[in-house]
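Here is the file structure39.txt (compact mmCIF, C-alpha atoms).
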# COMPACT_ATOMS: atom_id res chain seq x y z
CA MET A 1 -169.28 -157.18 -70.79
CA LYS A 2 -166.27 -154.89 -71.14
CA LYS A 3 -164.64 -153.73 -67.95
CA ALA A 4 -162.40 -150.68 -68.27
CA TRP A 5 -161.03 -148.37 -65.60
CA MET A 6 -159.00 -145.17 -65.46
CA LEU A 7 -157.64 -144.82 -61.95
CA GLY A 8 -154.72 -144.26 -59.66
CA ASP A 9 -153.32 -146.42 -56.86
CA ALA A 10 -156.22 -145.96 -54.43
CA GLY A 11 -158.78 -146.59 -57.14
CA ARG A 12 -156.91 -149.66 -58.37
CA ALA A 13 -157.04 -151.18 -54.86
CA LYS A 14 -160.78 -150.56 -54.69
CA VAL A 15 -161.29 -152.13 -58.13
CA GLN A 16 -159.32 -155.20 -57.05
CA ARG A 17 -161.64 -155.65 -54.07
CA LEU A 18 -164.76 -155.13 -56.19
CA VAL A 19 -163.57 -157.53 -58.89
CA ARG A 20 -163.01 -160.22 -56.28
CA GLN A 21 -166.53 -159.67 -54.90
CA ASP A 22 -168.03 -159.59 -58.39
CA ARG A 23 -166.14 -162.73 -59.42
CA ARG A 24 -167.88 -164.72 -56.72
CA ASN A 25 -171.27 -163.74 -58.15
CA SER A 26 -170.50 -163.64 -61.90
CA ILE A 27 -172.60 -165.50 -64.41
CA GLY A 28 -171.33 -166.72 -67.77
CA GLN A 29 -167.66 -167.02 -66.91
CA LYS A 30 -165.84 -170.02 -68.31
CA ASN A 31 -163.86 -171.94 -65.72
CA TYR A 32 -160.65 -173.80 -66.52
CA SER A 33 -158.84 -176.05 -64.11
CA HIS A 34 -155.69 -178.14 -64.41
CA ARG A 35 -157.66 -181.00 -62.88
CA ASN A 36 -160.47 -180.73 -65.43
CA SER A 37 -159.73 -182.52 -68.70
CA SER A 38 -162.84 -181.00 -70.30
CA ALA A 39 -161.16 -177.57 -70.50
CA ALA A 40 -160.81 -178.01 -74.27
CA SER A 41 -164.51 -178.61 -74.87
CA SER A 42 -166.17 -176.75 -77.73
CA ASP A 43 -168.45 -174.62 -75.52
CA LEU A 44 -165.50 -172.56 -74.22
CA TYR A 45 -164.65 -169.09 -75.53
CA ALA A 46 -162.17 -169.40 -78.41
CA GLY A 47 -161.22 -165.83 -79.33
CA TYR A 48 -158.52 -163.31 -78.50
CA PHE A 49 -157.07 -163.09 -74.97
CA VAL A 50 -157.90 -166.61 -73.75
CA CYS A 51 -156.20 -167.23 -70.39
CA GLN A 52 -155.21 -170.86 -69.89
CA PRO A 53 -153.78 -172.59 -66.84
CA VAL A 54 -150.51 -174.38 -67.56
CA VAL A 55 -148.84 -176.83 -65.20
CA ASP A 56 -145.26 -177.82 -66.07
CA THR A 57 -144.48 -181.09 -64.30
CA SER A 58 -141.13 -181.73 -65.98
CA GLY A 59 -139.09 -180.68 -62.91
CA ASP A 60 -138.99 -181.79 -59.29
CA GLU A 61 -141.84 -179.42 -58.38
CA PRO A 62 -144.76 -178.41 -60.62
CA VAL A 63 -144.57 -174.87 -62.07
CA TYR A 64 -147.92 -173.10 -62.45
CA LYS A 65 -148.48 -170.51 -65.18
CA ILE A 66 -151.20 -168.54 -66.91
CA LYS A 67 -150.71 -168.37 -70.67
CA VAL A 68 -152.67 -165.77 -72.64
CA ILE A 69 -153.25 -166.97 -76.21
CA ASP A 70 -155.42 -166.51 -79.28
CA GLY A 71 -158.02 -169.18 -78.60
CA GLY A 72 -159.05 -169.25 -82.26
CA ASN A 73 -155.50 -170.01 -83.43
CA THR A 74 -153.36 -171.49 -80.68
CA ASN A 75 -150.26 -171.34 -82.93
CA ASN A 76 -150.58 -167.56 -83.38
CA THR A 77 -147.69 -165.48 -82.00
CA ILE A 78 -150.14 -162.83 -80.81
CA CYS A 79 -152.86 -163.37 -78.23
CA GLY A 80 -155.00 -160.45 -79.36
CA ARG A 81 -155.30 -156.92 -80.67
CA ILE A 82 -156.06 -153.59 -79.06
CA VAL A 83 -157.43 -150.84 -81.30
CA ILE A 84 -157.12 -147.20 -80.24
CA GLY A 85 -158.83 -144.89 -82.71
CA ASN A 86 -157.29 -145.88 -86.05
CA GLN A 87 -154.17 -147.56 -84.56
CA THR A 88 -154.01 -151.32 -84.06
CA PHE A 89 -151.57 -152.92 -81.61
CA ASP A 90 -150.75 -156.63 -81.64
CA VAL A 91 -150.27 -158.10 -78.16
CA ASP A 92 -147.79 -160.99 -78.01
CA VAL A 93 -148.64 -164.32 -76.41
CA THR A 94 -147.75 -163.87 -72.76
CA GLU A 95 -147.04 -166.29 -69.95
CA PHE A 96 -147.15 -165.48 -66.23
CA GLU A 97 -145.47 -167.77 -63.71
CA ILE A 98 -147.66 -168.14 -60.64
CA GLU A 99 -146.27 -168.56 -57.15
CA VAL A 100 -148.08 -171.09 -55.01
CA PRO A 101 -148.77 -169.58 -51.57
CA SER A 102 -147.41 -171.42 -48.54
CA GLU A 103 -150.77 -171.02 -46.78
CA GLY A 104 -154.28 -170.38 -48.00
CA ALA A 105 -155.34 -169.36 -51.48
CA THR A 106 -154.51 -166.26 -53.47
CA GLU A 107 -156.82 -164.61 -55.97
CA HIS A 108 -155.50 -162.56 -58.89
CA VAL A 109 -156.84 -160.73 -61.93
CA ILE A 110 -155.17 -160.72 -65.37
CA VAL A 111 -155.79 -157.47 -67.27
CA ALA A 112 -154.95 -155.86 -70.58
CA TYR A 113 -153.83 -152.28 -70.07
CA VAL A 114 -153.56 -149.20 -72.26
CA TYR A 115 -152.09 -145.81 -71.45
CA TYR A 116 -150.86 -142.77 -73.32
CA ASP A 117 -147.24 -141.79 -72.69
CA ALA A 118 -146.99 -138.02 -73.23
CA GLU A 119 -143.16 -138.12 -73.29
CA SER A 120 -142.96 -140.52 -76.22
CA GLU A 121 -146.29 -139.32 -77.61
CA GLY A 122 -147.41 -142.90 -78.01
CA TYR A 123 -149.58 -145.56 -76.47
CA SER A 124 -148.38 -148.44 -74.34
CA VAL A 125 -150.36 -151.67 -74.30
CA GLY A 126 -149.75 -154.99 -72.60
CA LEU A 127 -150.92 -157.67 -70.23
CA GLN A 128 -150.33 -157.85 -66.51
CA ASP A 129 -151.34 -159.55 -63.31
CA LEU A 130 -153.19 -156.70 -61.55
CA GLU A 131 -151.46 -157.59 -58.28
CA GLU A 132 -148.06 -157.14 -59.94
CA ILE A 133 -148.57 -153.80 -61.70
CA PRO A 134 -145.69 -151.53 -60.74
CA ASN A 135 -146.40 -148.42 -58.74
CA PRO A 136 -146.80 -145.79 -59.83
CA PHE A 137 -148.55 -146.88 -62.99
CA PRO A 138 -149.81 -143.85 -64.96
CA ASP A 139 -153.11 -142.41 -63.74
CA ASN A 140 -154.41 -142.41 -67.31
CA THR A 141 -154.29 -146.20 -67.55
CA VAL A 142 -157.35 -148.09 -68.80
CA TYR A 143 -157.69 -151.74 -67.72
CA TYR A 144 -159.71 -154.53 -69.34
CA GLU A 145 -160.32 -157.58 -67.15
CA LEU A 146 -159.40 -160.75 -69.06
CA SER A 147 -159.59 -163.42 -66.38
CA ASN A 148 -159.16 -164.13 -62.73
CA TYR A 149 -157.56 -167.08 -61.06
CA THR A 150 -157.25 -168.75 -57.69
CA ILE A 151 -154.33 -170.89 -56.60
CA ASP A 152 -153.44 -172.78 -53.45
CA SER A 153 -151.42 -175.88 -52.67
CA GLU A 154 -154.36 -178.09 -53.71
CA ALA A 155 -155.90 -176.46 -56.80
CA PHE A 156 -155.38 -173.96 -59.60
CA SER A 157 -158.36 -172.59 -61.53
CA VAL A 158 -158.90 -169.81 -64.07
CA SER A 159 -162.18 -168.05 -64.92
CA GLN A 160 -162.28 -166.42 -68.36
CA VAL A 161 -163.99 -163.02 -68.12
CA TRP A 162 -163.12 -161.32 -71.44
CA GLN A 163 -165.09 -162.88 -74.29
CA ASN A 164 -165.33 -159.96 -76.70
CA GLY A 165 -162.39 -160.53 -79.09
CA THR A 166 -160.47 -157.41 -80.09
CA ILE A 167 -160.30 -154.65 -77.47
CA TYR A 168 -161.48 -151.30 -78.80
CA THR A 169 -160.54 -148.18 -76.83
CA ASN A 170 -161.63 -144.66 -77.62
CA ARG A 171 -158.87 -142.07 -77.95
CA ASP A 172 -161.06 -139.64 -75.96
CA TYR A 173 -159.68 -141.14 -72.73
CA TRP A 174 -156.44 -139.26 -73.39
CA THR A 175 -157.57 -135.96 -74.92
I need this file expressed as structure tokens, please.
Amino acid sequence: MKKAWMLGDAGRAKVQRLVRQDRRNSIGQKNYSHRNSSAASSDLYAGYFVCQPVVDTSGDEPVYKIKVIDGGNTNNTICGRIVIGNQTFDVDVTEFEIEVPSEGATEHVIVAYVYYDAESEGYSVGLQDLEEIPNPFPDNTVYYELSNYTIDSEAFSVSQVWQNGTIYTNRDYWT
């Protein structure tokens, strides 16, 4: 199921709350965990925009990350494509470092975003942690939910939401 939104700051906050509620009741999401060695099993989604948990234990303290990759070709330098009308944009493999909260758990949503920049007369596309999107982000931004994750001092898990491959967006959002 594609999830796309065009909204401003107030709407974005409401969507974040709704996504968190929906996530608790979602069916068909694939869950990945750094404690679960079966995360590479063949029943998992293996297309564009796969969000993987990564734990780097080479230093004194573990570093937690989400890496967005092309699940069908893990050596690919792009993690997916976004098509707007007849224009195709490659989205580079992206890694987000995750801060472990000192108390409790935090829940975040990783999204792909698209917006039209009237000044440059072009589209901007990318990936972002919805909690970290700078304000103000353009009101004409469309978001596609890729995954959500929960982290605390004990566990780190990722639920893959996007399982539709290439993201197709209609130019009519911006006309």
Applying 8 Å and only C-alpha atoms, which residues near region 65-76 of chain A remain after dropping the ones on its own chain fewer than 4 positions away? List them as a list in words.
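Counting only C-alpha atoms, the residues come to Tyr45, Ala46, Gly47, Tyr48, Phe49, Val50, Cys51, Gln52, Pro53, Val54, Val55, Gly80, Val93, Thr94, Glu95, Phe96, Glu97 and Ile98 of chain A.
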Go through A:Ser102, A:Asn148, A:Ala155, A:Thr169 one by one, measure the shortest atom-to-atom distance of each to Tyr123 (chain A) using only C-alpha atoms, and give the residue with the smallest value.
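Answer, going by the shortest atom-to-atom distance: A:Thr169.
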Using only C-alpha atoms, which of the listed residues (A:Asp56, A:Asp90, A:Glu99, A:Asp117) sits closest to Thr141 (chain A)?
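Smallest distance to Thr141 (chain A) is found for A:Asp117.
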Straight-line distance linking CA of Ser153 (chain A) with CA of Val63 (chain A), stated in Å to one decimal:
11.7 Å
Please provide the set of residues having any atom within 7 Å of Asp152 (chain A), restricted to only C-alpha atoms, with same-chain residues fewer than 6 positions apart removed, written as an mmCIF file with C-alpha atoms, keeping the file's coordinate frame.
data_model
loop_
_atom_site.group_PDB
_atom_site.id
_atom_site.type_symbol
_atom_site.label_atom_id
_atom_site.label_comp_id
_atom_site.auth_asym_id
_atom_site.auth_seq_id
_atom_site.Cartn_x
_atom_site.Cartn_y
_atom_site.Cartn_z
ATOM 1 C CA VAL A 100 -148.080 -171.090 -55.010
ATOM 2 C CA PRO A 101 -148.770 -169.580 -51.570
ATOM 3 C CA GLY A 104 -154.280 -170.380 -48.000
ATOM 4 C CA ALA A 105 -155.340 -169.360 -51.480
ATOM 5 C CA THR A 106 -154.510 -166.260 -53.470
#
Closest to Tyr168 (chain A) among A:Phe156, A:Tyr64, A:Tyr143, A:Tyr149, using all atoms listed in the file?
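The answer is A:Tyr143, which sits nearest to Tyr168 (chain A).
Of note, CA of Glu61 (chain A) and CA of Ser159 (chain A) are spaced 24.2 Å apart.
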Let me make sure I understand: among A:Thr57, A:Gln160, A:Val109, A:Val91, which one has the smallest atom-to-atom distance to Val125 (chain A) if we use all atoms listed in the file?
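Checking each candidate against Val125 (chain A), we get A:Val91 as the closest.
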Pairwise distance, CA of Val111 (chain A) with CA of Gly85 (chain A), equals 20.1 Å
Some atoms are missing, so please complete region 89-110 of chain A with N, CA, C and O atoms and return it as a PDB file, keeping the file's coordinate frame.
ATOM      1  N   PHE A  89    -152.752-152.389 -82.284  1.00  0.00           N
ATOM      2  CA  PHE A  89    -151.570-152.920 -81.610  1.00  0.00           C
ATOM      3  C   PHE A  89    -151.748-154.424 -81.424  1.00  0.00           C
ATOM      4  O   PHE A  89    -152.759-154.863 -80.879  1.00  0.00           O
ATOM      5  N   ASP A  90    -150.774-155.194 -81.897  1.00  0.00           N
ATOM      6  CA  ASP A  90    -150.750-156.630 -81.640  1.00  0.00           C
ATOM      7  C   ASP A  90    -150.155-156.868 -80.263  1.00  0.00           C
ATOM      8  O   ASP A  90    -149.151-156.258 -79.905  1.00  0.00           O
ATOM      9  N   VAL A  91    -150.766-157.754 -79.495  1.00  0.00           N
ATOM     10  CA  VAL A  91    -150.270-158.100 -78.160  1.00  0.00           C
ATOM     11  C   VAL A  91    -149.728-159.522 -78.239  1.00  0.00           C
ATOM     12  O   VAL A  91    -150.451-160.446 -78.608  1.00  0.00           O
ATOM     13  N   ASP A  92    -148.442-159.684 -77.922  1.00  0.00           N
ATOM     14  CA  ASP A  92    -147.790-160.990 -78.010  1.00  0.00           C
ATOM     15  C   ASP A  92    -148.359-161.977 -77.002  1.00  0.00           C
ATOM     16  O   ASP A  92    -148.822-161.590 -75.923  1.00  0.00           O
ATOM     17  N   VAL A  93    -148.300-163.263 -77.364  1.00  0.00           N
ATOM     18  CA  VAL A  93    -148.640-164.320 -76.410  1.00  0.00           C
ATOM     19  C   VAL A  93    -147.790-164.098 -75.164  1.00  0.00           C
ATOM     20  O   VAL A  93    -146.599-163.799 -75.257  1.00  0.00           O
ATOM     21  N   THR A  94    -148.423-164.182 -74.020  1.00  0.00           N
ATOM     22  CA  THR A  94    -147.750-163.870 -72.760  1.00  0.00           C
ATOM     23  C   THR A  94    -147.976-164.985 -71.765  1.00  0.00           C
ATOM     24  O   THR A  94    -149.066-165.566 -71.706  1.00  0.00           O
ATOM     25  N   GLU A  95    -146.947-165.270 -70.970  1.00  0.00           N
ATOM     26  CA  GLU A  95    -147.040-166.290 -69.950  1.00  0.00           C
ATOM     27  C   GLU A  95    -146.631-165.698 -68.609  1.00  0.00           C
ATOM     28  O   GLU A  95    -145.615-165.005 -68.524  1.00  0.00           O
ATOM     29  N   PHE A  96    -147.430-165.939 -67.593  1.00  0.00           N
ATOM     30  CA  PHE A  96    -147.150-165.480 -66.230  1.00  0.00           C
ATOM     31  C   PHE A  96    -146.880-166.684 -65.353  1.00  0.00           C
ATOM     32  O   PHE A  96    -147.710-167.584 -65.290  1.00  0.00           O
ATOM     33  N   GLU A  97    -145.735-166.709 -64.677  1.00  0.00           N
ATOM     34  CA  GLU A  97    -145.470-167.770 -63.710  1.00  0.00           C
ATOM     35  C   GLU A  97    -146.167-167.409 -62.412  1.00  0.00           C
ATOM     36  O   GLU A  97    -146.097-166.275 -61.950  1.00  0.00           O
ATOM     37  N   ILE A  98    -146.846-168.369 -61.822  1.00  0.00           N
ATOM     38  CA  ILE A  98    -147.660-168.140 -60.640  1.00  0.00           C
ATOM     39  C   ILE A  98    -146.998-168.791 -59.437  1.00  0.00           C
ATOM     40  O   ILE A  98    -146.665-169.974 -59.466  1.00  0.00           O
ATOM     41  N   GLU A  99    -146.852-168.025 -58.384  1.00  0.00           N
ATOM     42  CA  GLU A  99    -146.270-168.560 -57.150  1.00  0.00           C
ATOM     43  C   GLU A  99    -147.366-169.190 -56.309  1.00  0.00           C
ATOM     44  O   GLU A  99    -148.414-168.586 -56.067  1.00  0.00           O
ATOM     45  N   VAL A 100    -147.125-170.395 -55.863  1.00  0.00           N
ATOM     46  CA  VAL A 100    -148.080-171.090 -55.010  1.00  0.00           C
ATOM     47  C   VAL A 100    -147.871-170.580 -53.573  1.00  0.00           C
ATOM     48  O   VAL A 100    -146.757-170.633 -53.063  1.00  0.00           O
ATOM     49  N   PRO A 101    -148.936-170.088 -52.935  1.00  0.00           N
ATOM     50  CA  PRO A 101    -148.770-169.580 -51.570  1.00  0.00           C
ATOM     51  C   PRO A 101    -148.481-170.714 -50.592  1.00  0.00           C
ATOM     52  O   PRO A 101    -148.939-171.836 -50.786  1.00  0.00           O
ATOM     53  N   SER A 102    -147.725-170.398 -49.538  1.00  0.00           N
ATOM     54  CA  SER A 102    -147.410-171.420 -48.540  1.00  0.00           C
ATOM     55  C   SER A 102    -148.637-171.763 -47.697  1.00  0.00           C
ATOM     56  O   SER A 102    -148.772-172.878 -47.210  1.00  0.00           O
ATOM     57  N   GLU A 103    -149.531-170.786 -47.528  1.00  0.00           N
ATOM     58  CA  GLU A 103    -150.770-171.020 -46.780  1.00  0.00           C
ATOM     59  C   GLU A 103    -151.930-170.361 -47.483  1.00  0.00           C
ATOM     60  O   GLU A 103    -151.792-169.268 -48.037  1.00  0.00           O
ATOM     61  N   GLY A 104    -153.080-170.977 -47.444  1.00  0.00           N
ATOM     62  CA  GLY A 104    -154.280-170.380 -48.000  1.00  0.00           C
ATOM     63  C   GLY A 104    -154.235-170.256 -49.513  1.00  0.00           C
ATOM     64  O   GLY A 104    -153.346-170.768 -50.171  1.00  0.00           O
ATOM     65  N   ALA A 105    -155.221-169.555 -50.039  1.00  0.00           N
ATOM     66  CA  ALA A 105    -155.340-169.360 -51.480  1.00  0.00           C
ATOM     67  C   ALA A 105    -155.117-167.892 -51.810  1.00  0.00           C
ATOM     68  O   ALA A 105    -155.391-167.021 -50.992  1.00  0.00           O
ATOM     69  N   THR A 106    -154.607-167.634 -52.998  1.00  0.00           N
ATOM     70  CA  THR A 106    -154.510-166.260 -53.470  1.00  0.00           C
ATOM     71  C   THR A 106    -155.390-166.107 -54.697  1.00  0.00           C
ATOM     72  O   THR A 106    -155.568-167.045 -55.470  1.00  0.00           O
ATOM     73  N   GLU A 107    -155.953-164.930 -54.846  1.00  0.00           N
ATOM     74  CA  GLU A 107    -156.820-164.610 -55.970  1.00  0.00           C
ATOM     75  C   GLU A 107    -156.193-163.459 -56.735  1.00  0.00           C
ATOM     76  O   GLU A 107    -155.758-162.480 -56.138  1.00  0.00           O
ATOM     77  N   HIS A 108    -156.120-163.581 -58.044  1.00  0.00           N
ATOM     78  CA  HIS A 108    -155.500-162.560 -58.890  1.00  0.00           C
ATOM     79  C   HIS A 108    -156.388-162.275 -60.085  1.00  0.00           C
ATOM     80  O   HIS A 108    -157.251-163.060 -60.447  1.00  0.00           O
ATOM     81  N   VAL A 109    -156.111-161.144 -60.737  1.00  0.00           N
ATOM     82  CA  VAL A 109    -156.840-160.730 -61.930  1.00  0.00           C
ATOM     83  C   VAL A 109    -155.815-160.439 -63.029  1.00  0.00           C
ATOM     84  O   VAL A 109    -154.841-159.728 -62.790  1.00  0.00           O
ATOM     85  N   ILE A 110    -156.008-161.017 -64.210  1.00  0.00           N
ATOM     86  CA  ILE A 110    -155.170-160.720 -65.370  1.00  0.00           C
ATOM     87  C   ILE A 110    -155.896-159.651 -66.183  1.00  0.00           C
ATOM     88  O   ILE A 110    -157.085-159.795 -66.483  1.00  0.00           O
TER      89      ILE A 110
END
